[in-house]
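K.L.:
This one is target_30.cif, mmCIF, C-alpha atoms.
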data_coords
#
loop_
_atom_site.label_atom_id
_atom_site.label_comp_id
_atom_site.auth_asym_id
_atom_site.auth_seq_id
_atom_site.Cartn_x
_atom_site.Cartn_y
_atom_site.Cartn_z
CA MET A 17 55.76 0.75 61.13
CA ILE A 18 53.35 3.66 60.90
CA PRO A 19 51.25 3.75 57.69
CA LEU A 20 51.61 6.85 55.52
CA SER A 21 47.85 7.42 55.65
CA TRP A 22 48.03 8.20 59.39
CA TYR A 23 50.35 11.11 58.73
CA MET A 24 48.21 12.32 55.83
CA ALA A 25 45.03 12.09 57.92
CA LEU A 26 46.67 14.09 60.72
CA ALA A 27 47.84 16.70 58.20
CA ALA A 28 44.32 16.93 56.71
CA ILE A 29 42.76 17.41 60.15
CA LEU A 30 45.35 20.02 61.11
CA PHE A 31 44.78 21.87 57.82
CA SER A 32 41.01 21.98 58.41
CA ILE A 33 41.55 23.29 61.94
CA GLY A 34 43.79 25.99 60.45
CA ILE A 35 41.09 26.93 57.93
CA TYR A 36 38.54 27.00 60.76
CA GLY A 37 40.72 29.33 62.84
CA PHE A 38 41.40 31.59 59.87
CA LEU A 39 37.70 31.95 59.06
CA VAL A 40 36.40 32.21 62.62
CA ARG A 41 38.67 34.51 64.58
CA ARG A 42 38.42 38.32 64.56
CA ASN A 43 41.95 38.99 65.79
CA ILE A 44 44.28 39.28 62.79
CA ILE A 45 47.29 37.93 64.76
CA ILE A 46 45.41 34.73 65.57
CA MET A 47 44.50 34.49 61.88
CA PHE A 48 48.23 34.55 61.10
CA LEU A 49 48.78 31.81 63.69
CA ALA A 50 46.10 29.72 61.96
CA MET A 51 48.02 30.19 58.72
CA GLU A 52 51.12 28.83 60.46
CA LEU A 53 49.04 25.79 61.44
CA MET A 54 48.14 25.23 57.78
CA LEU A 55 51.78 25.59 56.71
CA ASN A 56 52.75 23.03 59.34
CA ALA A 57 50.13 20.60 58.04
CA VAL A 58 51.61 20.90 54.55
CA ASN A 59 55.12 20.47 55.95
CA LEU A 60 54.10 17.30 57.76
CA ASN A 61 52.63 15.91 54.56
CA LEU A 62 55.79 16.71 52.58
CA VAL A 63 58.16 15.21 55.15
CA ALA A 64 56.05 12.05 55.54
CA MET A 65 55.83 11.52 51.79
CA SER A 66 59.52 12.14 51.23
CA HIS A 67 60.28 9.55 53.94
CA TYR A 68 57.99 6.94 52.40
CA LEU A 69 59.24 7.69 48.86
CA ASP A 70 62.94 7.32 49.85
CA SER A 71 63.56 10.81 48.55
CA LEU A 72 64.78 14.08 50.04
CA ARG A 73 62.78 16.42 47.78
CA GLY A 74 59.88 16.88 50.18
CA GLN A 75 62.20 17.64 53.07
CA THR A 76 64.08 20.23 51.00
CA PHE A 77 60.73 21.80 50.10
CA THR A 78 59.89 21.88 53.81
CA LEU A 79 63.10 23.78 54.49
CA PHE A 80 62.14 26.37 51.87
CA ILE A 81 58.58 26.57 53.23
CA ILE A 82 59.97 27.29 56.70
CA THR A 83 62.12 30.07 55.18
CA VAL A 84 59.14 31.61 53.41
CA ALA A 85 57.03 31.27 56.58
CA ALA A 86 59.64 33.23 58.54
CA ALA A 87 59.65 35.98 55.90
CA GLU A 88 55.85 35.97 55.80
CA ALA A 89 55.62 36.26 59.59
CA ALA A 90 58.06 39.19 59.64
CA ILE A 91 56.28 41.17 56.92
CA GLY A 92 52.76 40.20 58.01
CA LEU A 93 53.37 41.24 61.60
CA GLY A 94 54.98 44.47 60.37
CA LEU A 95 51.75 45.14 58.47
CA VAL A 96 49.75 44.40 61.65
CA ILE A 97 51.82 46.98 63.56
CA VAL A 98 51.25 49.61 60.83
CA LEU A 99 47.52 48.75 60.87
CA PHE A 100 47.34 49.11 64.64
CA ARG A 101 49.23 52.41 64.50
CA ASN A 102 46.83 53.89 61.95
CA LYS A 103 43.48 52.41 63.05
CA ARG A 104 44.02 51.38 66.71
CA THR A 105 42.45 47.98 66.06
CA VAL A 106 43.48 44.43 65.12
CA TYR A 107 39.94 43.16 64.53
CA VAL A 108 39.22 42.30 60.92
CA ASP A 109 35.54 43.30 61.12
CA HIS A 110 36.54 46.86 62.07
CA ILE A 111 38.54 47.18 58.85
CA ASN A 112 35.66 47.63 56.43
CA GLU A 113 36.33 50.87 54.53
CA LEU A 114 36.08 49.12 51.16
CA LYS A 115 32.73 47.51 52.02
CA GLY A 116 29.95 48.91 49.79
CA MET B 3 54.52 -0.64 68.37
CA VAL B 4 56.40 1.98 70.39
CA ASN B 5 56.56 4.16 67.27
CA GLN B 6 52.81 3.90 66.78
CA LEU B 7 52.15 4.86 70.39
CA LEU B 8 54.51 7.83 70.05
CA PHE B 9 52.74 8.87 66.84
CA LEU B 10 49.32 8.62 68.47
CA TYR B 11 50.47 10.67 71.45
CA CYS B 12 51.97 13.38 69.21
CA ALA B 13 48.88 13.38 66.96
CA LEU B 14 46.49 13.74 69.89
CA VAL B 15 48.51 16.59 71.40
CA ILE B 16 48.77 18.32 68.00
CA ILE B 17 45.03 18.15 67.32
CA GLY B 18 44.20 19.20 70.89
CA THR B 19 46.56 22.18 70.95
CA ALA B 20 45.46 23.23 67.45
CA LEU B 21 41.83 23.31 68.60
CA LEU B 22 42.83 25.18 71.78
CA THR B 23 44.77 27.71 69.66
CA VAL B 24 41.70 28.72 67.72
CA ARG B 25 39.41 28.63 70.79
CA PHE B 26 41.45 30.41 73.50
CA LYS B 27 40.23 33.87 74.54
CA ASN B 28 43.64 35.25 75.41
CA PRO B 29 45.99 35.48 72.37
CA VAL B 30 49.06 34.82 74.55
CA HIS B 31 47.56 31.47 75.54
CA SER B 32 47.01 30.74 71.83
CA VAL B 33 50.67 31.42 71.06
CA LEU B 34 51.76 29.16 73.93
CA ALA B 35 49.48 26.36 72.63
CA VAL B 36 51.11 26.73 69.21
CA LEU B 37 54.50 26.42 70.92
CA VAL B 38 53.49 23.01 72.34
CA LEU B 39 52.17 22.06 68.89
CA PHE B 40 55.49 22.93 67.22
CA PHE B 41 57.44 20.81 69.71
CA HIS B 42 55.24 17.79 69.01
CA MET B 43 55.55 18.44 65.28
CA ALA B 44 59.32 18.24 65.76
CA GLY B 45 58.71 14.91 67.52
CA LEU B 46 56.86 13.64 64.45
CA TYR B 47 59.78 14.75 62.24
CA LEU B 48 62.08 12.69 64.46
CA LEU B 49 59.79 9.68 63.96
CA LEU B 50 60.20 10.26 60.20
CA ASN B 51 64.03 10.23 60.45
CA ALA B 52 64.27 13.96 59.67
CA GLU B 53 66.34 15.15 62.61
CA PHE B 54 67.73 18.23 60.82
CA LEU B 55 64.20 19.44 60.09
CA ALA B 56 63.18 18.74 63.70
CA ALA B 57 66.01 20.99 64.89
CA ILE B 58 65.07 23.67 62.34
CA GLN B 59 61.43 23.41 63.41
CA ILE B 60 62.33 24.11 67.03
CA ILE B 61 64.95 26.79 66.31
CA VAL B 62 63.12 28.75 63.59
CA TYR B 63 59.45 28.17 64.38
CA ALA B 64 59.44 27.89 68.16
CA GLY B 65 62.48 30.09 68.71
CA ALA B 66 62.12 32.90 66.19
CA ILE B 67 58.66 33.11 64.66
CA LEU B 68 56.67 32.60 67.87
CA VAL B 69 58.81 35.14 69.74
CA LEU B 70 57.99 37.60 66.95
CA TYR B 71 54.28 36.88 67.45
CA LEU B 72 54.61 37.42 71.20
CA PHE B 73 56.40 40.76 70.67
CA VAL B 74 53.66 42.00 68.35
CA LEU B 75 50.99 40.82 70.80
CA PHE B 76 52.62 42.88 73.52
CA LEU B 77 52.80 45.95 71.26
CA VAL B 78 49.08 45.64 70.51
CA ASN B 79 46.90 46.11 73.56
CA LEU B 80 45.51 42.93 75.05
CA ARG B 81 43.14 44.21 77.70
CA GLN B 82 40.03 44.37 75.56
CA GLU B 83 40.64 41.01 73.82
CA VAL B 84 39.71 39.06 76.95
CA LYS B 85 36.31 40.79 77.19
CA VAL B 86 35.48 41.32 73.52
CA GLU B 87 33.74 38.64 71.41
CA ARG B 88 36.52 36.58 69.77
CA PHE B 89 34.59 35.09 66.81
CA VAL B 90 33.22 36.80 63.70
CA ALA B 91 29.45 36.96 63.24
CA SER B 92 29.31 34.11 60.71
CA HIS B 93 31.35 31.61 62.73
CA ARG B 94 28.79 28.77 62.50
CA LEU B 95 28.91 28.84 58.69
CA SER B 96 32.74 28.93 58.83
CA ALA B 97 32.78 25.91 61.14
CA LEU B 98 30.51 24.04 58.72
CA VAL B 99 32.75 24.92 55.75
CA SER B 100 35.93 23.77 57.53
CA ILE B 101 34.33 20.52 58.75
CA CYS B 102 33.14 19.77 55.19
CA LEU B 103 36.63 20.49 53.88
CA GLY B 104 38.16 18.16 56.47
CA ILE B 105 35.73 15.35 55.59
CA CYS B 106 36.45 15.82 51.86
CA LEU B 107 40.23 15.69 52.44
CA LEU B 108 39.92 12.56 54.58
CA ALA B 109 37.62 10.92 52.02
CA ILE B 110 40.15 11.53 49.23
CA LEU B 111 43.02 9.92 51.19
CA PRO B 112 42.33 6.21 50.36
CA PHE B 113 42.70 6.94 46.64
CA PHE B 114 46.24 8.25 47.03
CA LYS B 115 48.97 6.18 45.35
CA LEU B 116 52.68 6.59 46.01
CA GLY B 117 54.85 7.53 43.01
CA ALA B 118 58.24 6.21 41.97
CA LYS B 119 60.88 5.75 44.68
CA GLY B 120 63.78 8.19 44.93
CA ASN B 121 67.45 7.49 45.48
CA TYR B 122 67.74 8.26 49.21
CA PRO B 123 66.58 5.15 51.15
CA VAL B 124 66.70 5.27 54.95
CA GLY B 125 69.93 3.26 55.11
CA ARG B 126 71.79 5.70 52.86
CA ILE B 127 70.54 8.73 54.83
CA GLU B 128 71.59 7.05 58.08
CA GLN B 129 75.01 6.31 56.64
CA LEU B 130 75.49 9.89 55.36
CA THR B 131 73.69 11.47 58.37
CA HIS B 132 70.56 13.46 57.60
CA THR B 133 72.15 16.92 57.64
CA LYS B 134 74.82 15.93 55.11
CA ALA B 135 72.27 14.28 52.84
CA MET B 136 70.09 17.42 52.97
CA GLY B 137 73.13 19.56 52.24
CA LEU B 138 74.08 17.42 49.24
CA GLU B 139 70.55 17.71 47.88
CA ILE B 140 70.23 21.47 48.54
CA TYR B 141 73.61 22.50 47.14
CA SER B 142 73.33 20.38 43.98
CA THR B 143 69.74 19.91 42.79
CA PHE B 144 68.16 22.85 44.60
CA LEU B 145 70.92 25.44 44.32
CA LEU B 146 68.82 28.08 42.54
CA PRO B 147 65.83 27.78 44.92
CA PHE B 148 68.31 28.09 47.79
CA GLU B 149 69.58 31.40 46.38
CA ILE B 150 66.00 32.58 45.87
CA ALA B 151 65.23 31.71 49.51
CA GLY B 152 68.12 33.97 50.53
CA LEU B 153 66.67 36.74 48.36
CA ILE B 154 63.25 36.29 49.99
CA LEU B 155 64.84 36.66 53.42
CA LEU B 156 66.57 39.86 52.24
CA ILE B 157 63.22 41.22 51.04
CA ALA B 158 61.69 40.32 54.42
CA VAL B 159 64.44 42.25 56.23
CA ILE B 160 63.99 45.34 54.03
CA GLY B 161 60.18 45.08 54.19
CA GLY B 162 60.22 44.77 57.98
CA LEU B 163 62.45 47.84 58.30
CA VAL B 164 60.30 49.93 55.94
CA LEU B 165 57.03 48.87 57.58
CA ALA B 166 58.17 49.33 61.17
CA ARG B 167 59.54 52.86 60.54
CA ASN B 168 57.16 55.50 61.87
CA ASP B 169 56.90 58.04 59.04
CA LYS B 170 54.69 60.46 60.97
CA GLU B 171 57.04 60.66 63.94
CA VAL B 172 60.05 61.09 61.68
CA ALA B 173 58.32 63.93 59.81
CA GLU B 174 57.16 65.58 63.04
CA ASN B 175 60.64 65.37 64.53
CA GLU B 176 62.13 66.98 61.45
CA LEU B 177 59.48 69.72 61.54
CA SER B 178 59.92 70.41 65.24
CA ASP B 179 63.70 70.24 64.96
CA SER B 180 64.13 72.80 62.21
CA PRO B 181 62.21 75.76 63.79
CA SER B 182 63.86 75.21 67.19
CA ALA B 183 67.25 75.13 65.51
CA GLY B 184 66.32 78.36 63.75
CA THR B 185 65.26 80.05 67.00
CA CYS B 186 68.47 78.94 68.66
CA GLU B 187 70.44 80.63 65.95
CA VAL B 188 68.35 83.79 66.28
CA GLN B 189 68.87 83.87 70.05
CA GLU B 190 72.56 83.44 69.65
#
Let me see the file written as structure tokens.

P.N.:
Amino acid sequence: MIPLSWYMALAAILFSIGIYGFLVRRNIIIMFLAMELMLNAVNLNLVAMSHYLDSLRGQTFTLFIITVAAAEAAIGLGLVIVLFRNKRTVYVDHINELKG
Amino acid sequence: MVNQLLFLYCALVIIGTALLTVRFKNPVHSVLAVLVLFFHMAGLYLLLNAEFLAAIQIIVYAGAILVLYLFVLFLVNLRQEVKVERFVASHRLSALVSICLGICLLAILPFFKLGAKGNYPVGRIEQLTHTKAMGLEIYSTFLLPFEIAGLILLIAVIGGLVLARNDKEVAENELSDSPSAGTCEVQE
């Protein structure tokens, strides 16, 4: 039997790696991928807890999170394409028009 | 014992591929590392008796979302990415912040207490099969969120169409079409 804390520790580590990738990378597509990592960490936590609580709520939430992640990926990548079409770059430090 | 070994294997691969994802120079390699990560995440879902979610994870995440990422990567030029610096200027500070966050999250874990048990023990889910149990839960308790999820997908479809349409090209085509049509009529 695997303790619940193992799953939660793995999810915490994965979430921090996602935060690290989001803060560190310049390429906006890789930043989106790091966001997917964070969503997966949350999903893992929800599924593990719903298993150990004998409940299906967490797993239903995970299903909805996957739906929203798909919608987010579609719209976010559409925005990336528009950005690339207008500015010819996907690097976040080139997009600094609003910087004072 | 076998379960624990399987968990440790999946956990090691997940952490390794997650680190590789944020470190790889080539974005295509990053996406492929995330693919491996998603498959091992599905393995963990199987360990947690959530086989429907494992299938959804592979079909939606690995099958649909990652292919979308690959398409966009191919639309955006890759050549310079391999040579250009891949990290922002303040990446040391960012690493420090994320390591501190990870330590804080891990330190909080021992104080977590499980709440009240629900009414779907493993035996009942196994008897119903996981997909049927999920369906019962979704179509009774979570009916309204399910409808809202459908609405969100509709918005994503419309948003994707609106964003991907090239307004400039459309306008230019209309502009270039109308004078040429006019000249054709004059010539005739």

K.L.:
At a cut-off of 7 Å, which residues of chain B touch chain A? Count only C-alpha atoms and give the answer as JSON, numbers by chain.

P.N.:
{"B": [6, 13, 17, 20, 21, 24, 29, 50, 67, 74, 88, 89, 90, 93, 96, 97, 100, 101, 103, 104, 107, 108, 119, 120, 121, 122, 123, 124, 136, 140, 151, 154, 155, 158, 161, 162, 165, 166]}

K.L.:
Can you work out which one of B:Ala135, B:Met43, B:Leu7, B:Ile105 has the shortest atom-to-atom distance to Asn61 in chain A, counting all atoms listed in the file?

P.N.:
B:Met43

K.L.:
Could you jot down the CA of Arg25 in chain B to CA of Phe9 in chain B separation for me, Å, one decimal place?

P.N.:
24.2 Å

K.L.:
To one decimal place in Å, what is the distance between CA of Gly117 in chain B and CA of Tyr47 in chain B?

P.N.:
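Calculated distance between CA of Gly117 in chain B and CA of Tyr47 in chain B is 21.1 Å.
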
K.L.:
Have a look at CA of Gly125 in chain B and CA of Phe144 in chain B and let me know their distance in Å, one decimal.

P.N.:
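According to the coordinates, CA of Gly125 in chain B and CA of Phe144 in chain B are separated by 22.3 Å.
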
K.L.:
Which of these, B:Thr19, B:Gly137, B:Arg94, B:Pro112, has the shortest distance to Leu55 in chain B once you count all atoms listed in the file?

P.N.:
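Of the candidates, the smallest distance to Leu55 in chain B is held by B:Gly137.
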
K.L.:
Could you check which residues have any atom within 12 Å of (62.1, 28.2, 67.4), counting all atoms listed in the file with coordinates taken straight from the file, and then list them as a PyMOL selection string?

P.N.:
(chain A and resi 82+86) or (chain B and resi 36-41+43-44+55-71)
